[in-house]
file query-v1.cif (mmCIF, N, CA and C atoms)
data_target
loop_
_atom_site.label_atom_id
_atom_site.label_comp_id
_atom_site.auth_asym_id
_atom_site.auth_seq_id
_atom_site.Cartn_x
_atom_site.Cartn_y
_atom_site.Cartn_z
N MET Y 1 76.82 -15.55 -41.60
CA MET Y 1 78.13 -15.60 -40.99
C MET Y 1 78.69 -16.99 -41.24
N ASN Y 2 79.90 -17.06 -41.75
CA ASN Y 2 80.49 -18.37 -42.01
C ASN Y 2 81.10 -18.94 -40.73
N GLU Y 3 81.54 -20.18 -40.79
CA GLU Y 3 82.07 -20.87 -39.60
C GLU Y 3 83.29 -20.16 -39.01
N THR Y 4 84.16 -19.66 -39.86
CA THR Y 4 85.36 -18.97 -39.39
C THR Y 4 84.99 -17.70 -38.63
N GLU Y 5 84.05 -16.92 -39.19
CA GLU Y 5 83.59 -15.70 -38.51
C GLU Y 5 82.92 -16.04 -37.19
N LYS Y 6 82.06 -17.05 -37.21
CA LYS Y 6 81.34 -17.45 -36.01
C LYS Y 6 82.31 -17.82 -34.90
N ASP Y 7 83.29 -18.63 -35.23
CA ASP Y 7 84.29 -19.05 -34.24
C ASP Y 7 85.10 -17.86 -33.74
N PHE Y 8 85.50 -16.98 -34.66
CA PHE Y 8 86.27 -15.80 -34.29
C PHE Y 8 85.48 -14.91 -33.33
N PHE Y 9 84.22 -14.63 -33.67
CA PHE Y 9 83.41 -13.76 -32.83
C PHE Y 9 83.17 -14.35 -31.46
N LEU Y 10 82.91 -15.64 -31.40
CA LEU Y 10 82.70 -16.30 -30.12
C LEU Y 10 83.96 -16.23 -29.26
N LEU Y 11 85.10 -16.54 -29.83
CA LEU Y 11 86.35 -16.49 -29.08
C LEU Y 11 86.68 -15.06 -28.62
N MET Y 12 86.49 -14.09 -29.50
CA MET Y 12 86.79 -12.71 -29.15
C MET Y 12 85.81 -12.19 -28.09
N ARG Y 13 84.54 -12.57 -28.22
CA ARG Y 13 83.55 -12.13 -27.22
C ARG Y 13 83.94 -12.66 -25.85
N ARG Y 14 84.33 -13.91 -25.80
CA ARG Y 14 84.72 -14.51 -24.52
C ARG Y 14 86.03 -13.92 -24.00
N LYS Y 15 87.00 -13.74 -24.89
CA LYS Y 15 88.30 -13.19 -24.49
C LYS Y 15 88.14 -11.79 -23.91
N LYS Y 16 87.26 -10.99 -24.50
CA LYS Y 16 87.06 -9.62 -24.05
C LYS Y 16 85.99 -9.51 -22.96
N LYS Y 17 85.51 -10.68 -22.52
CA LYS Y 17 84.53 -10.77 -21.43
C LYS Y 17 83.27 -9.95 -21.71
N ILE Y 18 82.76 -10.12 -22.93
CA ILE Y 18 81.50 -9.50 -23.33
C ILE Y 18 80.43 -10.58 -23.21
N SER Y 19 79.40 -10.32 -22.45
CA SER Y 19 78.34 -11.31 -22.27
C SER Y 19 77.46 -11.38 -23.53
N GLN Y 20 76.74 -12.47 -23.66
CA GLN Y 20 75.78 -12.58 -24.75
C GLN Y 20 74.73 -11.50 -24.61
N ASN Y 21 74.36 -11.17 -23.38
CA ASN Y 21 73.36 -10.14 -23.16
C ASN Y 21 73.86 -8.78 -23.65
N GLU Y 22 75.11 -8.45 -23.33
CA GLU Y 22 75.69 -7.18 -23.79
C GLU Y 22 75.74 -7.14 -25.32
N MET Y 23 76.15 -8.25 -25.93
CA MET Y 23 76.21 -8.30 -27.39
C MET Y 23 74.83 -8.16 -27.99
N ALA Y 24 73.84 -8.76 -27.35
CA ALA Y 24 72.46 -8.65 -27.83
C ALA Y 24 71.99 -7.20 -27.79
N LEU Y 25 72.31 -6.50 -26.73
CA LEU Y 25 71.92 -5.10 -26.62
C LEU Y 25 72.57 -4.26 -27.72
N VAL Y 26 73.82 -4.53 -28.02
CA VAL Y 26 74.53 -3.80 -29.07
C VAL Y 26 73.89 -4.05 -30.43
N LEU Y 27 73.52 -5.30 -30.68
CA LEU Y 27 72.94 -5.67 -31.98
C LEU Y 27 71.45 -5.36 -32.07
N GLY Y 28 70.81 -5.19 -30.93
CA GLY Y 28 69.37 -4.96 -30.95
C GLY Y 28 68.57 -6.23 -31.16
N VAL Y 29 69.10 -7.34 -30.63
CA VAL Y 29 68.42 -8.64 -30.72
C VAL Y 29 68.36 -9.23 -29.31
N SER Y 30 67.75 -10.39 -29.17
CA SER Y 30 67.66 -11.04 -27.86
C SER Y 30 68.94 -11.83 -27.56
N GLN Y 31 69.15 -12.12 -26.28
CA GLN Y 31 70.29 -12.94 -25.86
C GLN Y 31 70.17 -14.33 -26.48
N GLY Y 32 68.96 -14.84 -26.55
CA GLY Y 32 68.73 -16.15 -27.14
C GLY Y 32 69.14 -16.20 -28.61
N TYR Y 33 68.91 -15.10 -29.29
CA TYR Y 33 69.29 -15.01 -30.70
C TYR Y 33 70.82 -15.05 -30.85
N VAL Y 34 71.53 -14.32 -29.97
CA VAL Y 34 72.99 -14.35 -29.98
C VAL Y 34 73.48 -15.77 -29.75
N SER Y 35 72.86 -16.48 -28.83
CA SER Y 35 73.21 -17.87 -28.56
C SER Y 35 73.02 -18.72 -29.82
N MET Y 36 71.90 -18.55 -30.49
CA MET Y 36 71.63 -19.31 -31.71
C MET Y 36 72.65 -18.98 -32.80
N LEU Y 37 73.05 -17.71 -32.89
CA LEU Y 37 74.08 -17.32 -33.87
C LEU Y 37 75.38 -18.04 -33.60
N GLU Y 38 75.77 -18.04 -32.32
CA GLU Y 38 77.04 -18.66 -31.95
C GLU Y 38 77.01 -20.18 -32.09
N ASN Y 39 75.83 -20.76 -31.97
CA ASN Y 39 75.69 -22.21 -32.14
C ASN Y 39 75.47 -22.61 -33.60
N GLY Y 40 75.31 -21.62 -34.46
CA GLY Y 40 75.14 -21.89 -35.88
C GLY Y 40 73.74 -22.26 -36.29
N THR Y 41 72.76 -22.06 -35.42
CA THR Y 41 71.38 -22.40 -35.78
C THR Y 41 70.64 -21.24 -36.42
N ARG Y 42 71.25 -20.07 -36.43
CA ARG Y 42 70.69 -18.88 -37.08
C ARG Y 42 71.78 -18.18 -37.86
N GLU Y 43 71.39 -17.51 -38.92
CA GLU Y 43 72.32 -16.72 -39.71
C GLU Y 43 72.17 -15.25 -39.34
N LEU Y 44 73.25 -14.53 -39.45
CA LEU Y 44 73.26 -13.11 -39.11
C LEU Y 44 73.40 -12.31 -40.40
N ALA Y 45 72.52 -11.32 -40.58
CA ALA Y 45 72.58 -10.45 -41.75
C ALA Y 45 73.91 -9.68 -41.74
N GLN Y 46 74.40 -9.34 -42.92
CA GLN Y 46 75.71 -8.70 -43.05
C GLN Y 46 75.83 -7.42 -42.24
N HIS Y 47 74.77 -6.61 -42.17
CA HIS Y 47 74.87 -5.36 -41.41
C HIS Y 47 75.07 -5.64 -39.92
N TYR Y 48 74.53 -6.74 -39.43
CA TYR Y 48 74.78 -7.13 -38.05
C TYR Y 48 76.20 -7.66 -37.87
N VAL Y 49 76.69 -8.40 -38.87
CA VAL Y 49 78.07 -8.90 -38.82
C VAL Y 49 79.03 -7.73 -38.69
N ASP Y 50 78.80 -6.69 -39.50
CA ASP Y 50 79.66 -5.50 -39.46
C ASP Y 50 79.59 -4.82 -38.10
N LYS Y 51 78.40 -4.71 -37.54
CA LYS Y 51 78.21 -4.08 -36.23
C LYS Y 51 78.89 -4.91 -35.14
N TYR Y 52 78.72 -6.22 -35.20
CA TYR Y 52 79.32 -7.17 -34.25
C TYR Y 52 80.85 -7.03 -34.30
N LYS Y 53 81.38 -7.06 -35.53
CA LYS Y 53 82.82 -6.97 -35.72
C LYS Y 53 83.37 -5.67 -35.17
N LYS Y 54 82.73 -4.57 -35.47
CA LYS Y 54 83.20 -3.26 -35.00
C LYS Y 54 83.20 -3.21 -33.47
N TYR Y 55 82.13 -3.67 -32.86
CA TYR Y 55 82.03 -3.62 -31.40
C TYR Y 55 83.09 -4.51 -30.75
N ILE Y 56 83.25 -5.71 -31.25
CA ILE Y 56 84.22 -6.66 -30.70
C ILE Y 56 85.63 -6.11 -30.82
N LEU Y 57 85.97 -5.60 -31.98
CA LEU Y 57 87.34 -5.14 -32.21
C LEU Y 57 87.65 -3.82 -31.52
N ASP Y 58 86.64 -2.98 -31.33
CA ASP Y 58 86.85 -1.69 -30.67
C ASP Y 58 86.86 -1.80 -29.15
N LYS Y 59 86.33 -2.86 -28.61
CA LYS Y 59 86.19 -3.01 -27.16
C LYS Y 59 87.52 -3.24 -26.51
#

call {"tool": "encode", "arguments": {"input": "query-v1.cif", "output": "structure tokens"}}
result
Amino acid sequence: MNETEKDFFLLMRRKKKISQNEMALVLGVSQGYVSMLENGTRELAQHYVDKYKKYILDK
């Protein structure tokens, strides 16, 4: 996930009041992993990016 995507997803998740825990459940990862993704310390595979994007935009 590039910086623009990371920033967009973080802002949209917060705007739509989706918790890191809820996002983790949707992606099938831990809350800690979502935190690392948003902080840029972990990369997200493209299939997860697509899933993240669909959930965020459909919510």

call {"tool": "residues_around", "arguments": {"input": "query-v1.cif", "residues": "Gln20 (chain Y)", "least_positions_apart": "4", "cutoff": "6 Å", "atoms": "all atoms listed in the file", "output": "JSON, numbers by chain"}}
result
{"Y": [24, 25, 31]}

call {"tool": "write_last_selection", "arguments": {"input": "query-v1.cif", "atoms": "N, CA and C atoms", "output": "tab-separated table (two decimals), in the frame of the given file"}}
result
chain	number	residue	atom	x	y	z
Y	24	ALA	N	73.84	-8.76	-27.35
Y	24	ALA	CA	72.46	-8.65	-27.83
Y	24	ALA	C	71.99	-7.20	-27.79
Y	25	LEU	N	72.31	-6.50	-26.73
Y	25	LEU	CA	71.92	-5.10	-26.62
Y	25	LEU	C	72.57	-4.26	-27.72
Y	31	GLN	N	69.15	-12.12	-26.28
Y	31	GLN	CA	70.29	-12.94	-25.86
Y	31	GLN	C	70.17	-14.33	-26.48

call {"tool": "closest_residue", "arguments": {"input": "query-v1.cif", "among": "Y:Arg14, Y:Val49, Y:Ile56, Y:Glu22", "to": "Leu37 (chain Y)", "atoms": "only C-alpha atoms"}}
result
Y:Val49

call {"tool": "residues_near_point", "arguments": {"input": "query-v1.cif", "point": "(79.1, -22.0, -36.8)", "cutoff": "9 Å", "atoms": "only C-alpha atoms", "output": "list of chain:residue names"}}
result
Y:Met1, Y:Asn2, Y:Glu3, Y:Thr4, Y:Glu5, Y:Lys6, Y:Asp7, Y:Leu37, Y:Glu38, Y:Asn39, Y:Gly40, Y:Thr41, Y:Arg42

call {"tool": "atom_distance", "arguments": {"input": "query-v1.cif", "atom1": "atom C of Leu11 (chain Y)", "atom2": "atom N of Val26 (chain Y)"}}
result
16.6 Å

call {"tool": "atom_distance", "arguments": {"input": "query-v1.cif", "atom1": "CA of Gln46 (chain Y)", "atom2": "CA of Leu27 (chain Y)"}}
result
11.8 Å

call {"tool": "atom_distance", "arguments": {"input": "query-v1.cif", "atom1": "CA of Gly28 (chain Y)", "atom2": "CA of Lys15 (chain Y)"}}
result
21.6 Å

call {"tool": "select_by_dssp", "arguments": {"input": "query-v1.cif", "residues": "chain Y", "states": "alpha helix (DSSP H)", "output": "PyMOL selection string"}}
result
chain Y and resi 3-15+20-27+31-39+46-58

call {"tool": "decode", "arguments": {"input": "query-v1.cif", "residues": "region 9-23 of chain Y", "atoms": "N, CA, C and O atoms", "output": "CSV table (one decimal), in the first residue's frame"}}
result
chain,number,residue,atom,x,y,z
Y,9,PHE,N,-7.1,5.4,3.4
Y,9,PHE,CA,-7.8,4.4,4.2
Y,9,PHE,C,-7.9,4.8,5.7
Y,9,PHE,O,-9.0,4.6,6.3
Y,10,LEU,N,-6.9,5.4,6.2
Y,10,LEU,CA,-6.9,5.8,7.6
Y,10,LEU,C,-8.0,6.9,7.8
Y,10,LEU,O,-8.8,6.8,8.7
Y,11,LEU,N,-8.0,7.9,6.9
Y,11,LEU,CA,-9.0,9.0,7.1
Y,11,LEU,C,-10.4,8.4,6.8
Y,11,LEU,O,-11.3,8.8,7.6
Y,12,MET,N,-10.6,7.6,5.9
Y,12,MET,CA,-11.9,7.1,5.6
Y,12,MET,C,-12.4,6.2,6.7
Y,12,MET,O,-13.6,6.2,7.1
Y,13,ARG,N,-11.5,5.3,7.3
Y,13,ARG,CA,-11.9,4.5,8.4
Y,13,ARG,C,-12.3,5.3,9.6
Y,13,ARG,O,-13.4,5.0,10.2
Y,14,ARG,N,-11.6,6.4,9.9
Y,14,ARG,CA,-12.0,7.2,11.0
Y,14,ARG,C,-13.2,8.0,10.7
Y,14,ARG,O,-14.1,8.1,11.6
Y,15,LYS,N,-13.4,8.5,9.5
Y,15,LYS,CA,-14.6,9.3,9.1
Y,15,LYS,C,-15.8,8.4,9.2
Y,15,LYS,O,-16.9,8.9,9.7
Y,16,LYS,N,-15.7,7.2,8.8
Y,16,LYS,CA,-16.9,6.3,8.8
Y,16,LYS,C,-17.0,5.5,10.2
Y,16,LYS,O,-17.8,4.7,10.3
Y,17,LYS,N,-16.1,5.9,11.1
Y,17,LYS,CA,-16.2,5.4,12.5
Y,17,LYS,C,-16.1,3.8,12.5
Y,17,LYS,O,-16.8,3.2,13.2
Y,18,ILE,N,-15.1,3.3,11.7
Y,18,ILE,CA,-14.8,1.9,11.7
Y,18,ILE,C,-13.6,1.7,12.6
Y,18,ILE,O,-12.6,2.4,12.4
Y,19,SER,N,-13.7,0.9,13.6
Y,19,SER,CA,-12.6,0.7,14.5
Y,19,SER,C,-11.5,-0.2,13.8
Y,19,SER,O,-11.8,-0.9,12.8
Y,20,GLN,N,-10.3,-0.1,14.3
Y,20,GLN,CA,-9.2,-1.0,13.9
Y,20,GLN,C,-9.6,-2.5,14.0
Y,20,GLN,O,-9.4,-3.3,13.2
Y,21,ASN,N,-10.3,-2.8,15.1
Y,21,ASN,CA,-10.8,-4.1,15.4
Y,21,ASN,C,-11.7,-4.6,14.4
Y,21,ASN,O,-11.6,-5.7,13.9
Y,22,GLU,N,-12.7,-3.8,14.0
Y,22,GLU,CA,-13.7,-4.1,13.0
Y,22,GLU,C,-13.0,-4.3,11.6
Y,22,GLU,O,-13.3,-5.3,10.9
Y,23,MET,N,-12.0,-3.5,11.3
Y,23,MET,CA,-11.3,-3.6,10.0
Y,23,MET,C,-10.5,-4.9,10.1
Y,23,MET,O,-10.4,-5.6,9.1
